[in-house]
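Undergrad: Provided herewith: final.pdb, PDB, C-alpha atoms, pLDDT in the B column.
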ATOM      1  CA  MET A 186       0.000   0.000   0.000  1.00 82.00           C
ATOM      2  CA  LYS A 187       1.325   3.440  -0.941  1.00 89.00           C
ATOM      3  CA  LYS A 188       2.271   5.463   2.137  1.00 93.00           C
ATOM      4  CA  GLN A 189       2.818   9.174   2.652  1.00 96.00           C
ATOM      5  CA  ILE A 190       6.183   9.763   4.306  1.00 97.00           C
ATOM      6  CA  VAL A 191       8.134  12.911   5.118  1.00 97.00           C
ATOM      7  CA  VAL A 192      11.913  12.553   5.444  1.00 97.00           C
ATOM      8  CA  ILE A 193      13.615  15.359   7.369  1.00 97.00           C
ATOM      9  CA  GLY A 194      17.390  15.588   7.048  1.00 95.00           C
ATOM     10  CA  LEU A 195      19.005  14.463   3.801  1.00 95.00           C
ATOM     11  CA  GLY A 196      22.442  13.326   4.856  1.00 92.00           C
ATOM     12  CA  ARG A 197      23.704   9.856   3.978  1.00 92.00           C
ATOM     13  CA  PHE A 198      21.117   8.084   6.121  1.00 93.00           C
ATOM     14  CA  GLY A 199      18.151  10.297   5.232  1.00 94.00           C
ATOM     15  CA  SER A 200      18.880  10.346   1.508  1.00 95.00           C
ATOM     16  CA  SER A 201      19.305   6.554   1.420  1.00 94.00           C
ATOM     17  CA  VAL A 202      15.956   6.039   3.155  1.00 94.00           C
ATOM     18  CA  CYS A 203      14.328   8.593   0.858  1.00 95.00           C
ATOM     19  CA  LYS A 204      15.637   6.983  -2.353  1.00 95.00           C
ATOM     20  CA  GLU A 205      14.691   3.467  -1.267  1.00 94.00           C
ATOM     21  CA  LEU A 206      11.158   4.387  -0.201  1.00 95.00           C
ATOM     22  CA  TYR A 207      10.556   6.450  -3.340  1.00 95.00           C
ATOM     23  CA  GLY A 208      11.775   3.528  -5.443  1.00 94.00           C
ATOM     24  CA  MET A 209       9.207   1.338  -3.678  1.00 94.00           C
ATOM     25  CA  GLY A 210       6.465   3.653  -4.913  1.00 94.00           C
ATOM     26  CA  HIS A 211       5.670   5.643  -1.773  1.00 95.00           C
ATOM     27  CA  ASP A 212       4.737   9.332  -1.730  1.00 96.00           C
ATOM     28  CA  ILE A 213       7.790  11.110  -0.287  1.00 96.00           C
ATOM     29  CA  MET A 214       8.409  14.672   0.841  1.00 97.00           C
ATOM     30  CA  ALA A 215      12.133  15.373   1.353  1.00 97.00           C
ATOM     31  CA  ILE A 216      13.116  18.289   3.614  1.00 97.00           C
ATOM     32  CA  ASP A 217      16.510  19.765   4.479  1.00 96.00           C
ATOM     33  CA  SER A 218      17.843  23.169   5.480  1.00 94.00           C
ATOM     34  CA  ASN A 219      20.474  23.113   2.723  1.00 94.00           C
ATOM     35  CA  PRO A 220      19.045  24.052  -0.709  1.00 95.00           C
ATOM     36  CA  GLU A 221      21.897  22.350  -2.570  1.00 95.00           C
ATOM     37  CA  THR A 222      21.221  19.089  -0.753  1.00 94.00           C
ATOM     38  CA  VAL A 223      17.505  19.378  -1.479  1.00 96.00           C
ATOM     39  CA  SER A 224      18.152  19.913  -5.193  1.00 95.00           C
ATOM     40  CA  THR A 225      20.067  16.613  -5.424  1.00 94.00           C
ATOM     41  CA  MET A 226      16.964  14.747  -4.230  1.00 95.00           C
ATOM     42  CA  SER A 227      14.487  16.154  -6.733  1.00 92.00           C
ATOM     43  CA  ASP A 228      14.502  12.903  -8.727  1.00 94.00           C
ATOM     44  CA  TYR A 229      14.028  10.747  -5.639  1.00 95.00           C
ATOM     45  CA  ALA A 230      11.015  12.364  -3.967  1.00 96.00           C
ATOM     46  CA  SER A 231       7.481  13.363  -4.873  1.00 95.00           C
ATOM     47  CA  HIS A 232       8.020  16.771  -3.235  1.00 95.00           C
ATOM     48  CA  THR A 233      11.085  18.577  -1.905  1.00 96.00           C
ATOM     49  CA  ALA A 234      11.416  21.604   0.354  1.00 96.00           C
ATOM     50  CA  THR A 235      14.147  23.729   1.883  1.00 96.00           C
ATOM     51  CA  ALA A 236      13.077  24.493   5.439  1.00 95.00           C
ATOM     52  CA  ASP A 237      14.137  24.732   9.073  1.00 94.00           C
ATOM     53  CA  ALA A 238      12.675  21.596  10.636  1.00 93.00           C
ATOM     54  CA  THR A 239      12.838  23.146  14.101  1.00 92.00           C
ATOM     55  CA  ASP A 240      10.424  25.896  13.071  1.00 93.00           C
ATOM     56  CA  GLU A 241       6.845  24.879  13.791  1.00 93.00           C
ATOM     57  CA  GLY A 242       5.440  27.377  11.290  1.00 94.00           C
ATOM     58  CA  SER A 243       7.496  25.897   8.474  1.00 94.00           C
ATOM     59  CA  LEU A 244       6.357  22.367   9.305  1.00 95.00           C
ATOM     60  CA  LYS A 245       2.728  23.468   9.425  1.00 95.00           C
ATOM     61  CA  SER A 246       2.950  25.296   6.103  1.00 95.00           C
ATOM     62  CA  LEU A 247       4.411  22.194   4.472  1.00 95.00           C
ATOM     63  CA  GLY A 248       1.465  20.138   5.703  1.00 95.00           C
ATOM     64  CA  VAL A 249       3.538  17.514   7.506  1.00 95.00           C
ATOM     65  CA  ARG A 250       0.566  16.735   9.775  1.00 93.00           C
ATOM     66  CA  ASN A 251      -1.060  15.053   6.755  1.00 94.00           C
ATOM     67  CA  PHE A 252       1.702  12.441   6.450  1.00 96.00           C
ATOM     68  CA  GLU A 253       1.428   8.967   7.973  1.00 96.00           C
ATOM     69  CA  TYR A 254       5.126   8.706   8.777  1.00 96.00           C
ATOM     70  CA  ALA A 255       7.895  11.139   9.571  1.00 97.00           C
ATOM     71  CA  ILE A 256      11.541  10.087   9.533  1.00 97.00           C
ATOM     72  CA  VAL A 257      13.794  12.497  11.404  1.00 97.00           C
ATOM     73  CA  ALA A 258      17.311  11.897  10.104  1.00 95.00           C
ATOM     74  CA  ILE A 259      19.129  14.828  11.715  1.00 91.00           C
ATOM     75  CA  GLY A 260      20.733  12.666  14.379  1.00 69.00           C
ATOM     76  CA  ASP A 261      24.038  14.570  14.586  1.00 79.00           C
ATOM     77  CA  ASP A 262      22.280  17.665  15.971  1.00 86.00           C
ATOM     78  CA  LEU A 263      20.698  16.507  19.233  1.00 90.00           C
ATOM     79  CA  GLN A 264      18.791  19.725  19.939  1.00 92.00           C
ATOM     80  CA  ALA A 265      17.335  19.979  16.448  1.00 94.00           C
ATOM     81  CA  SER A 266      16.419  16.287  16.469  1.00 94.00           C
ATOM     82  CA  VAL A 267      14.584  16.571  19.796  1.00 95.00           C
ATOM     83  CA  LEU A 268      12.772  19.797  18.857  1.00 95.00           C
ATOM     84  CA  CYS A 269      11.673  18.435  15.497  1.00 96.00           C
ATOM     85  CA  THR A 270      10.433  15.197  17.064  1.00 96.00           C
ATOM     86  CA  LEU A 271       8.442  17.080  19.709  1.00 95.00           C
ATOM     87  CA  MET A 272       6.767  19.295  17.113  1.00 95.00           C
ATOM     88  CA  LEU A 273       5.910  16.395  14.827  1.00 96.00           C
ATOM     89  CA  LYS A 274       4.212  14.585  17.711  1.00 95.00           C
ATOM     90  CA  GLU A 275       2.362  17.754  18.735  1.00 94.00           C
ATOM     91  CA  LEU A 276       1.222  18.254  15.140  1.00 94.00           C
ATOM     92  CA  GLY A 277      -0.295  14.783  15.230  1.00 95.00           C
ATOM     93  CA  VAL A 278       1.945  12.793  12.877  1.00 96.00           C
ATOM     94  CA  PRO A 279       0.922   9.179  13.688  1.00 96.00           C
ATOM     95  CA  LYS A 280       4.355   7.543  13.456  1.00 96.00           C
ATOM     96  CA  VAL A 281       7.632   9.358  14.019  1.00 97.00           C
ATOM     97  CA  TRP A 282      10.869   7.416  13.472  1.00 96.00           C
ATOM     98  CA  VAL A 283      14.074   9.153  14.539  1.00 96.00           C
ATOM     99  CA  LYS A 284      17.788   8.602  14.008  1.00 94.00           C
ATOM    100  CA  ALA A 285      19.834   8.812  17.220  1.00 93.00           C
ATOM    101  CA  ARG A 286      23.580   9.288  17.552  1.00 90.00           C
ATOM    102  CA  ASP A 287      24.007   7.398  20.850  1.00 88.00           C
ATOM    103  CA  GLN A 288      22.204   5.736  23.768  1.00 88.00           C
ATOM    104  CA  GLN A 289      21.629   8.990  25.658  1.00 91.00           C
ATOM    105  CA  HIS A 290      20.061  10.568  22.583  1.00 92.00           C
ATOM    106  CA  GLN A 291      17.876   7.478  22.146  1.00 91.00           C
ATOM    107  CA  LYS A 292      16.608   7.649  25.756  1.00 92.00           C
ATOM    108  CA  ILE A 293      15.646  11.312  25.323  1.00 94.00           C
ATOM    109  CA  LEU A 294      13.804  10.604  22.081  1.00 94.00           C
ATOM    110  CA  GLU A 295      11.903   7.686  23.610  1.00 93.00           C
ATOM    111  CA  ARG A 296      10.835   9.829  26.569  1.00 93.00           C
ATOM    112  CA  ILE A 297       9.401  12.545  24.345  1.00 93.00           C
ATOM    113  CA  GLY A 298       7.336  10.080  22.330  1.00 93.00           C
ATOM    114  CA  ALA A 299       9.351   8.922  19.312  1.00 94.00           C
ATOM    115  CA  ASP A 300       7.650   5.798  17.979  1.00 96.00           C
ATOM    116  CA  ARG A 301      10.899   4.199  16.917  1.00 93.00           C
ATOM    117  CA  VAL A 302      14.529   5.188  17.405  1.00 93.00           C
ATOM    118  CA  ILE A 303      17.277   3.977  15.075  1.00 90.00           C
ATOM    119  CA  GLN A 304      21.024   3.950  15.710  1.00 89.00           C
ATOM    120  CA  PRO A 305      22.439   2.972  12.290  1.00 86.00           C
ATOM    121  CA  GLU A 306      26.093   2.944  13.362  1.00 84.00           C
ATOM    122  CA  TYR A 307      25.398   0.855  16.472  1.00 81.00           C
ATOM    123  CA  GLU A 308      23.154  -1.608  14.636  1.00 80.00           C
ATOM    124  CA  MET A 309      25.634  -2.038  11.783  1.00 80.00           C
ATOM    125  CA  GLY A 310      28.439  -2.474  14.300  1.00 84.00           C
ATOM    126  CA  VAL A 311      26.584  -5.311  16.013  1.00 78.00           C
ATOM    127  CA  ARG A 312      25.878  -7.024  12.696  1.00 75.00           C
ATOM    128  CA  THR A 313      29.486  -6.652  11.553  1.00 81.00           C
ATOM    129  CA  ALA A 314      30.766  -8.118  14.824  1.00 83.00           C
ATOM    130  CA  HIS A 315      28.575 -11.198  14.383  1.00 74.00           C
ATOM    131  CA  HIS A 316      29.740 -11.627  10.782  1.00 72.00           C
ATOM    132  CA  ILE A 317      33.360 -11.569  11.926  1.00 77.00           C
ATOM    133  CA  ASP A 318      32.693 -13.851  14.905  1.00 75.00           C
ATOM    134  CA  SER A 319      31.323 -16.624  12.704  1.00 69.00           C
ATOM    135  CA  GLU A 320      31.432 -17.285   8.971  1.00 69.00           C
ATOM    136  CA  LYS A 321      28.112 -19.109   9.378  1.00 74.00           C
ATOM    137  CA  VAL A 322      26.288 -15.836  10.087  1.00 79.00           C
ATOM    138  CA  VAL A 323      24.704 -14.338   6.953  1.00 79.00           C
ATOM    139  CA  ASP A 324      22.686 -11.616   8.702  1.00 82.00           C
ATOM    140  CA  TYR A 325      21.746 -10.605  12.236  1.00 81.00           C
ATOM    141  CA  ILE A 326      18.833  -8.572  13.584  1.00 83.00           C
ATOM    142  CA  ASN A 327      18.394  -7.461  17.201  1.00 80.00           C
ATOM    143  CA  LEU A 328      14.801  -7.795  18.453  1.00 82.00           C
ATOM    144  CA  SER A 329      15.556  -6.753  22.037  1.00 82.00           C
ATOM    145  CA  GLU A 330      18.354  -6.879  24.567  1.00 81.00           C
ATOM    146  CA  ASN A 331      18.123 -10.667  24.788  1.00 89.00           C
ATOM    147  CA  TYR A 332      16.385 -11.882  21.616  1.00 91.00           C
ATOM    148  CA  SER A 333      17.465 -11.864  17.977  1.00 90.00           C
ATOM    149  CA  ILE A 334      16.782 -13.202  14.511  1.00 92.00           C
ATOM    150  CA  ILE A 335      19.793 -14.645  12.743  1.00 90.00           C
ATOM    151  CA  GLU A 336      20.414 -16.020   9.263  1.00 91.00           C
ATOM    152  CA  LEU A 337      22.785 -18.993   9.295  1.00 91.00           C
ATOM    153  CA  ALA A 338      24.348 -20.830   6.365  1.00 91.00           C
ATOM    154  CA  ALA A 339      23.604 -24.560   6.460  1.00 91.00           C
ATOM    155  CA  SER A 340      26.731 -26.650   7.090  1.00 91.00           C
ATOM    156  CA  ASP A 341      27.569 -30.222   6.102  1.00 91.00           C
ATOM    157  CA  LYS A 342      26.388 -31.258   9.571  1.00 92.00           C
ATOM    158  CA  VAL A 343      22.728 -30.499   8.750  1.00 93.00           C
ATOM    159  CA  ILE A 344      22.552 -30.792   4.943  1.00 94.00           C
ATOM    160  CA  GLY A 345      20.281 -33.674   3.918  1.00 93.00           C
ATOM    161  CA  LYS A 346      18.537 -33.826   7.291  1.00 94.00           C
ATOM    162  CA  THR A 347      14.971 -32.874   8.141  1.00 94.00           C
ATOM    163  CA  LEU A 348      14.108 -30.201  10.680  1.00 93.00           C
ATOM    164  CA  GLY A 349      12.353 -32.821  12.795  1.00 92.00           C
ATOM    165  CA  SER A 350      15.451 -34.996  13.034  1.00 93.00           C
ATOM    166  CA  LEU A 351      17.557 -32.047  14.211  1.00 93.00           C
ATOM    167  CA  ASN A 352      15.347 -31.285  17.249  1.00 92.00           C
ATOM    168  CA  ILE A 353      16.418 -27.639  17.128  1.00 93.00           C
ATOM    169  CA  ARG A 354      13.673 -26.282  19.403  1.00 91.00           C
ATOM    170  CA  LYS A 355      14.050 -29.099  21.960  1.00 92.00           C
ATOM    171  CA  ASP A 356      17.853 -29.124  22.080  1.00 93.00           C
ATOM    172  CA  TYR A 357      18.610 -25.437  21.597  1.00 94.00           C
ATOM    173  CA  GLY A 358      15.391 -23.522  22.354  1.00 93.00           C
ATOM    174  CA  CYS A 359      15.411 -21.818  18.943  1.00 93.00           C
ATOM    175  CA  MET A 360      12.657 -21.542  16.343  1.00 93.00           C
ATOM    176  CA  ILE A 361      13.320 -21.889  12.612  1.00 94.00           C
ATOM    177  CA  LEU A 362      11.143 -19.225  11.000  1.00 94.00           C
ATOM    178  CA  ALA A 363      12.084 -19.930   7.388  1.00 94.00           C
ATOM    179  CA  ILE A 364      14.530 -21.623   5.056  1.00 94.00           C
ATOM    180  CA  LYS A 365      15.961 -19.673   2.137  1.00 93.00           C
ATOM    181  CA  HIS A 366      17.120 -21.511  -0.975  1.00 90.00           C
ATOM    182  CA  GLY A 367      18.333 -19.066  -3.598  1.00 86.00           C
ATOM    183  CA  GLU A 368      15.420 -16.720  -4.327  1.00 86.00           C
ATOM    184  CA  ASP A 369      12.875 -19.107  -2.802  1.00 91.00           C
ATOM    185  CA  VAL A 370      11.809 -18.777   0.838  1.00 92.00           C
ATOM    186  CA  ASN A 371      10.031 -21.568   2.698  1.00 93.00           C
ATOM    187  CA  ILE A 372       8.103 -19.718   5.428  1.00 91.00           C
ATOM    188  CA  ALA A 373       7.109 -21.727   8.522  1.00 88.00           C
ATOM    189  CA  PRO A 374       8.832 -24.919   7.299  1.00 92.00           C
ATOM    190  CA  LEU A 375       7.451 -28.296   8.356  1.00 92.00           C
ATOM    191  CA  LEU A 376       9.319 -30.852  10.455  1.00 92.00           C
ATOM    192  CA  GLU A 377       9.610 -33.144   7.427  1.00 93.00           C
ATOM    193  CA  ASP A 378      11.219 -30.436   5.278  1.00 93.00           C
ATOM    194  CA  SER A 379      14.858 -31.220   4.563  1.00 93.00           C
ATOM    195  CA  ILE A 380      17.831 -28.864   4.434  1.00 94.00           C
ATOM    196  CA  GLU A 381      19.718 -28.671   1.156  1.00 93.00           C
ATOM    197  CA  ASP A 382      23.168 -27.508   0.188  1.00 93.00           C
ATOM    198  CA  GLY A 383      23.242 -23.706  -0.041  1.00 92.00           C
ATOM    199  CA  ASP A 384      20.242 -23.238   2.251  1.00 94.00           C
ATOM    200  CA  ILE A 385      20.100 -20.438   4.803  1.00 93.00           C
ATOM    201  CA  LEU A 386      18.238 -21.031   8.060  1.00 94.00           C
ATOM    202  CA  ILE A 387      16.406 -18.073   9.588  1.00 94.00           C
ATOM    203  CA  ALA A 388      16.264 -18.700  13.331  1.00 93.00           C
ATOM    204  CA  MET A 389      14.776 -16.735  16.242  1.00 94.00           C
ATOM    205  CA  GLY A 390      15.505 -17.104  19.922  1.00 93.00           C
ATOM    206  CA  HIS A 391      17.453 -15.976  22.958  1.00 94.00           C
ATOM    207  CA  LYS A 392      20.947 -14.824  22.025  1.00 90.00           C
ATOM    208  CA  ASP A 393      22.569 -17.478  24.191  1.00 92.00           C
ATOM    209  CA  ASP A 394      20.457 -20.226  22.613  1.00 93.00           C
ATOM    210  CA  LEU A 395      21.195 -18.981  19.104  1.00 92.00           C
ATOM    211  CA  LYS A 396      24.908 -18.991  19.872  1.00 90.00           C
ATOM    212  CA  ARG A 397      24.705 -22.578  21.154  1.00 91.00           C
ATOM    213  CA  PHE A 398      22.875 -23.645  18.011  1.00 92.00           C
ATOM    214  CA  GLU A 399      25.402 -21.840  15.830  1.00 89.00           C
ATOM    215  CA  ASP A 400      28.373 -23.436  17.611  1.00 88.00           C
ATOM    216  CA  LYS A 401      27.058 -26.944  18.266  1.00 90.00           C
ATOM    217  CA  GLY A 402      24.034 -27.490  16.048  1.00 88.00           C
ATOM    218  CA  LEU A 403      25.716 -26.386  12.813  1.00 87.00           C
TER     219      LEU A 403
END
Show me, as structure tokens, the structure contained in the file I just sent.

TA:
Amino acid sequence: MKKQIVVIGLGRFGSSVCKELYGMGHDIMAIDSNPETVSTMSDYASHTATADATDEGSLKSLGVRNFEYAIVAIGDDLQASVLCTLMLKELGVPKVWVKARDQQHQKILERIGADRVIQPEYEMGVRTAHHIDSEKVVDYINLSENYSIIELAASDKVIGKTLGSLNIRKDYGCMILAIKHGEDVNIAPLLEDSIEDGDILIAMGHKDDLKRFEDKGL
């Protein structure tokens, strides 16, 4: 479904989000205080505007209250990020996602009502660390402090075996959400489904359990 999204702050993070969402067919308004930056995004947004996102009058005149989502990508300027988030919530934008530069910034944003806070550098750092720690890890997503979803490359130890015979939930406390084979994805695989060479297992569970499965089950 086509969504109406305003992206505020067109640095590397904001511009990447803007381009990707616009390419998916969503209605995008791109806002930044730098007119040169705004001009570079004219082909990647439905509407562009040069404006001070900390000025409530500017936000009102641009009609941001009519958008379903706002993405505040001015994380390097804590004061501007907080002010903009506050005004967007007061204007009634249903969902406000905000980029934070660190944990302290994230706590402030959560307290003032940000619907979701993103720390791109931290999240990428965690994923990179897991890639380096094990060559079996294809991708890694934090769900909370203790739970994650991880993509693991099937090893010779499990290739040719069925999920039922591996007893992954019983022995390791993990749930296999899907099995990827090339471009095909088997969602909610059955116990009798077998694992083939080149498969990627998408598992969810406690971080400690996932690590045990990664080390001993694969």

Undergrad: Tell me, in Å to one decimal, how far atom CA of Arg301 of chain A is from atom CA of Leu328 of chain A.

TA: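 Here the two named atoms are 12.7 Å from each other.
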
Undergrad: Would you write out, as an MDAnalysis selection string, every residue that the PyMOL selection byres ((chain A and resi 217) around 8) captures in this file?

TA: chainID A and resid 193:195 215:216 218:220 222:223 234:238

Undergrad: Which centre and which edge lengths, in Å to one decimal, describe the axis-aligned box that holds all listed atoms of segment 219-226 of chain A after 5 Å is added on each side, as JSON?

TA:
{"center_x": 19.4, "center_y": 19.4, "center_z": -1.4, "size_x": 14.9, "size_y": 19.3, "size_z": 18.1}

Undergrad: Atom CA of Val302 of chain A and atom CA of Ser246 of chain A are how many Å apart?

TA: 25.8 Å

Undergrad: Contacts of Gly277 of chain A at 10 Å or less, counting all atoms listed in the file, minus same-chain residues fewer than 4 places along, as a PyMOL selection string?

TA: chain A and resi 249-253+272-273+281

Undergrad: Quote the spacing between atom CA of Gly310 of chain A and atom CA of Val202 of chain A in Å to one decimal place.

TA: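 If I compute the distance from atom CA of Gly310 of chain A to atom CA of Val202 of chain A, I get 18.8 Å.
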
Undergrad: Determine the residue set returned by the PyMOL selection byres ((chain A and resi 384) around 12) for the present structure, and present it as a PyMOL selection string.

TA: chain A and resi 321+323+336-341+343-346+363-371+378-383+385-387

Undergrad: Could you list the residues chosen by the PyMOL selection byres ((chain A and resi 297) around 12) in this structure as number ranges by chain?

TA: A: 266-275, 281, 283, 290-296, 298-302

Undergrad: For Lys401 of chain A, please output as an MDAnalysis selection string all residues within 12 Å (counting all atoms listed in the file; exclusion window: fewer than 2 positions along the same chain).

TA: chainID A and resid 321 340 342:343 351 353 356:357 394:399 403

Undergrad: With all atoms listed in the file as the basis for distance, which of A:Ser200, A:Gly210, A:Trp282, A:Glu377 is at the shortest distance from Leu348 of chain A?

TA: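 For Leu348 of chain A, the nearest of the given residues is A:Glu377.
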
Undergrad: Using only C-alpha atoms, find the one residue out of A:Leu376, A:Leu244, A:Ala285, A:Ala388 that sits nearest to Phe198 of chain A.

TA: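 Of A:Leu376, A:Leu244, A:Ala285, A:Ala388, the one nearest Phe198 of chain A, counting only C-alpha atoms, is A:Ala285.
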
Undergrad: Pick from A:Pro374, A:Gly390, A:Gly402, A:Gly199: nearest to Ile259 of chain A, with only C-alpha atoms counted?

TA: A:Gly199

Undergrad: Find the residues around Lys284 of chain A up to 7 Å (all atoms listed in the file counted), leave out those fewer than 2 positions away in its own chain, and share them as a PyMOL selection string.

TA: chain A and resi 257-260+286+302-304

Undergrad: Of the candidates A:Glu241, A:Pro305, A:Asp212, A:Gly196, which shows the shortest atom-to-atom distance to Thr225 of chain A, using only C-alpha atoms?

TA: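 Distance minimum relative to Thr225 of chain A lands on A:Gly196.
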
Undergrad: For Glu205 of chain A, which residue out of A:Arg354, A:Glu221, A:Pro279, A:Tyr229 is the nearest one, using all atoms listed in the file?

TA: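 Selected residue with least distance to Glu205 of chain A: A:Tyr229.
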
Undergrad: For His232 of chain A, list every protein, DNA or RNA residue within 8 Å, evaluated using all atoms listed in the file, and leave out those in the same chain fewer than 5 positions away; present the list as a list of chain:residue names.

TA: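 Those residues are A:Ile213, A:Met214, A:Ala215, A:Ser227.
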
Undergrad: Next, dump the selected residues to file, keeping only C-alpha atoms, as a tab-separated table (two decimals), in the coordinates of the input.

TA:
chain	number	residue	atom	x	y	z
A	213	ILE	CA	7.79	11.11	-0.29
A	214	MET	CA	8.41	14.67	0.84
A	215	ALA	CA	12.13	15.37	1.35
A	227	SER	CA	14.49	16.15	-6.73
